[in-house]
Amino acid sequence: MEERYVLRRLQRVSGEEIDIVVEDGKIVQITGAGQAQGEVKWDGNAQPAYVSSGWIDMHVHAFPEFDPYGDEIDEIGVKQGVATIVDAGSCGADRIGDLVASGKQADTNLLAFLNISRIGLKRIDELSELSWIDREEVKRAISNHRDSIIGLKARISQSVVKGNGTEPLRIARGLSEETGLPLMVHIGSAPPDIRDVIPLLERKDVITHYLNGKVNNLFDGSGEPLQVLTEAISRGVHLDVGHGTASFSFRVAEAAKGHGIHPDTISTDIYRGNRMNGPVYSMSSVLSKFLYLGYSLEEVIAAVTSRAASWLGKEELGRIQIGDPANLTLFAVKEQATELVDSEGEKRTADRCIEAKGVIVHGKFIECEVRA
């Protein structure tokens, strides 16, 4: 880690230009553009860039031993401009300790939802046997890893629960009440019917994949939101994108936006396969899709900074403030034609795209290797 350096002439999404001085891993000074003194690590005159607090990806799969849903932490973190990743239930009680240990060796900050199935994604039907949900092991894992586990994950779709319907979710609800941790619930193909799933979610619980285009989705054939969705929003249920290989539809996203139903957080559901082969590729690519949909740059970046940090209860991760650890993302908005593809293979051509340039995590500057 370098002792002291300057990030010069960076632009906030508000348009304000600033210099940021980092010393011993912390932000020690924020000045008007061109005013700070010291060794310049990034010069916006030479390489114009925006700065935000470090991007947070609320849904990734970062346990490389599991196939197909796994990847290396830094490949889907800092190399993509993402300072903090939240593993979305790759591991249950059996392997969560291994995931947490790997996180301590990575540059990327790692938090995790604990899969309620002790085997996690060792199999992709991890809730097909109710005996794999061991309540005492769940509670033990949470006790052992309180600093890393921020919620419980239940994947409630037919291929995962098989014939168990909503019973795994009912068990998860009980575990949430016992532990005080919110749920992230993956939605997908029926059964169970989405209208039986969503009423079980409460304030601060997360619906991930809410813009999927499957038959069992949250909008009817004419694009109207189902009543269970509007009621969930009124209860304070959190909407997370979780793009993934099969869970983001331009058509559904346009219908949602048209009805004023907007993402609370934008996340990738990234893992090795959809990083290398699409349709996800990178956080930059996913964010570019929301620019294309007509969301402002401020709204898009808030969904991976302040909004995510607020849900996590870690406000310091979503701000740029003197005295905080230096967790920042540098990025550009390129005015160029870019082809974007959703999870259904539908292609759209955008006229601008977001491109991650660099990330600072606890003061360490890392240039991004992944481009949009």
# chains A, B, ... in the order shown; residues from 1 in each chain; ligands from 1
$ residues_around --residues "Gln47 of chain A" --least-positions-apart "3" --cutoff "10 Å" --atoms "only C-alpha atoms" --output "count of residues only"
8
$ closest_residue --among "A:Ala356, A:Ser14, A:Gly244, A:Ile56" --to "Glu299 of chain A" --atoms "only C-alpha atoms"
A:Ser14
$ closest_atom_pairs --of "segment 34-105 of chain A" --to "segment 177-197 of chain A" --cutoff "12 Å" --atoms "only C-alpha atoms" --output "JSON lines"
{"residue": "A:Met58", "atom": "CA", "partner": "A:Met184", "partner_atom": "CA", "distance": 10.0}
{"residue": "A:His59", "atom": "CA", "partner": "A:Met184", "partner_atom": "CA", "distance": 9.5}
{"residue": "A:Val86", "atom": "CA", "partner": "A:Met184", "partner_atom": "CA", "distance": 11.3}
{"residue": "A:Asp87", "atom": "CA", "partner": "A:Met184", "partner_atom": "CA", "distance": 11.1}
{"residue": "A:Ala88", "atom": "CA", "partner": "A:Met184", "partner_atom": "CA", "distance": 7.8}
{"residue": "A:Gly89", "atom": "CA", "partner": "A:Met184", "partner_atom": "CA", "distance": 8.8}
$ atom_distance --atom1 "atom CA of Ile85 of chain A" --atom2 "atom CA of Ile301 of chain A"
15.3 Å
$ residues_around --residues "segment 307-314 of chain A" --least-positions-apart "4" --cutoff "12 Å" --atoms "only C-alpha atoms" --output "PDB file with C-alpha atoms, in the first residue's frame"
ATOM      1  CA  SER A  53     -17.789   5.034  -3.669  1.00  0.00           C
ATOM      2  CA  GLY A  54     -16.691   1.487  -4.413  1.00  0.00           C
ATOM      3  CA  TRP A  55     -19.278  -0.490  -6.372  1.00  0.00           C
ATOM      4  CA  ILE A  56     -21.133  -3.181  -4.429  1.00  0.00           C
ATOM      5  CA  ASP A  57     -22.436  -6.284  -6.215  1.00  0.00           C
ATOM      6  CA  MET A  58     -25.227  -7.743  -4.080  1.00  0.00           C
ATOM      7  CA  HIS A  59     -25.432 -11.061  -5.947  1.00  0.00           C
ATOM      8  CA  ALA A  83     -14.953  -3.108  -4.331  1.00  0.00           C
ATOM      9  CA  THR A  84     -17.397  -5.288  -2.379  1.00  0.00           C
ATOM     10  CA  ILE A  85     -19.117  -8.488  -3.462  1.00  0.00           C
ATOM     11  CA  VAL A  86     -21.902 -10.297  -1.671  1.00  0.00           C
ATOM     12  CA  LEU A 111     -19.771 -10.570   2.471  1.00  0.00           C
ATOM     13  CA  ALA A 112     -22.183 -13.470   2.106  1.00  0.00           C
ATOM     14  CA  PHE A 113     -25.703 -14.761   2.282  1.00  0.00           C
ATOM     15  CA  ASP A 147     -18.815 -10.334  10.503  1.00  0.00           C
ATOM     16  CA  SER A 148     -19.327 -11.913   7.073  1.00  0.00           C
ATOM     17  CA  ILE A 149     -22.863 -13.351   6.947  1.00  0.00           C
ATOM     18  CA  ILE A 150     -25.449 -10.659   6.245  1.00  0.00           C
ATOM     19  CA  GLY A 151     -28.499 -12.765   5.404  1.00  0.00           C
ATOM     20  CA  LEU A 181     -31.206 -12.031   9.439  1.00  0.00           C
ATOM     21  CA  PRO A 182     -33.191 -11.105   6.299  1.00  0.00           C
ATOM     22  CA  MET A 184     -32.691 -13.231  -0.192  1.00  0.00           C
ATOM     23  CA  ARG A 203     -39.606  -5.871   5.100  1.00  0.00           C
ATOM     24  CA  LYS A 204     -35.910  -5.901   4.091  1.00  0.00           C
ATOM     25  CA  ASP A 205     -36.149  -9.370   2.533  1.00  0.00           C
ATOM     26  CA  VAL A 206     -34.756  -9.384  -1.016  1.00  0.00           C
ATOM     27  CA  GLY A 236     -40.646  -2.784   2.203  1.00  0.00           C
ATOM     28  CA  VAL A 237     -39.402  -5.841   0.313  1.00  0.00           C
ATOM     29  CA  HIS A 238     -36.190  -5.010  -1.578  1.00  0.00           C
ATOM     30  CA  LEU A 239     -35.932  -5.516  -5.355  1.00  0.00           C
ATOM     31  CA  ASP A 240     -32.575  -6.773  -6.655  1.00  0.00           C
ATOM     32  CA  VAL A 241     -31.775  -7.371 -10.318  1.00  0.00           C
ATOM     33  CA  PRO A 263     -34.516  -1.652  -8.836  1.00  0.00           C
ATOM     34  CA  ASP A 264     -33.339  -1.002  -5.312  1.00  0.00           C
ATOM     35  CA  THR A 265     -30.031  -2.621  -6.212  1.00  0.00           C
ATOM     36  CA  ILE A 266     -28.458  -3.689  -9.499  1.00  0.00           C
ATOM     37  CA  SER A 267     -26.477  -6.913  -9.246  1.00  0.00           C
ATOM     38  CA  GLU A 298     -27.043   9.025 -10.765  1.00  0.00           C
ATOM     39  CA  GLU A 299     -29.780   6.388 -10.360  1.00  0.00           C
ATOM     40  CA  VAL A 300     -27.653   3.608 -11.846  1.00  0.00           C
ATOM     41  CA  ILE A 301     -24.612   4.311  -9.685  1.00  0.00           C
ATOM     42  CA  ALA A 302     -26.715   4.752  -6.518  1.00  0.00           C
ATOM     43  CA  ALA A 303     -28.019   1.208  -7.070  1.00  0.00           C
ATOM     44  CA  GLY A 318     -21.687   4.012   0.005  1.00  0.00           C
ATOM     45  CA  ARG A 319     -20.078   7.408   0.525  1.00  0.00           C
ATOM     46  CA  ASP A 324     -13.309   6.548   5.888  1.00  0.00           C
TER      47      ASP A 324
END
$ closest_residue --among "A:Ala255, A:Phe250, A:Pro199, A:Ile18" --to "Gln227 of chain A" --atoms "only C-alpha atoms"
A:Pro199
$ closest_residue --among "A:Ser52, A:Thr349, A:Gln336, A:Asn327" --to "Val22 of chain A" --atoms "only C-alpha atoms"
A:Asn327
$ select_by_dssp --residues "segment 131-368 of chain A" --states "alpha helix (DSSP H)" --output "ChimeraX atom specification"
/A:135-144,158-161,167-179,194-197,227-235,250-258,272-276,283-292,297-302,306-312
$ atom_distance --atom1 "atom CA of Glu335 of chain A" --atom2 "atom CA of Ser282 of chain A"
18.3 Å
$ atom_distance --atom1 "atom CA of Asn274 of chain A" --atom2 "atom CA of Tyr69 of chain A"
9.4 Å
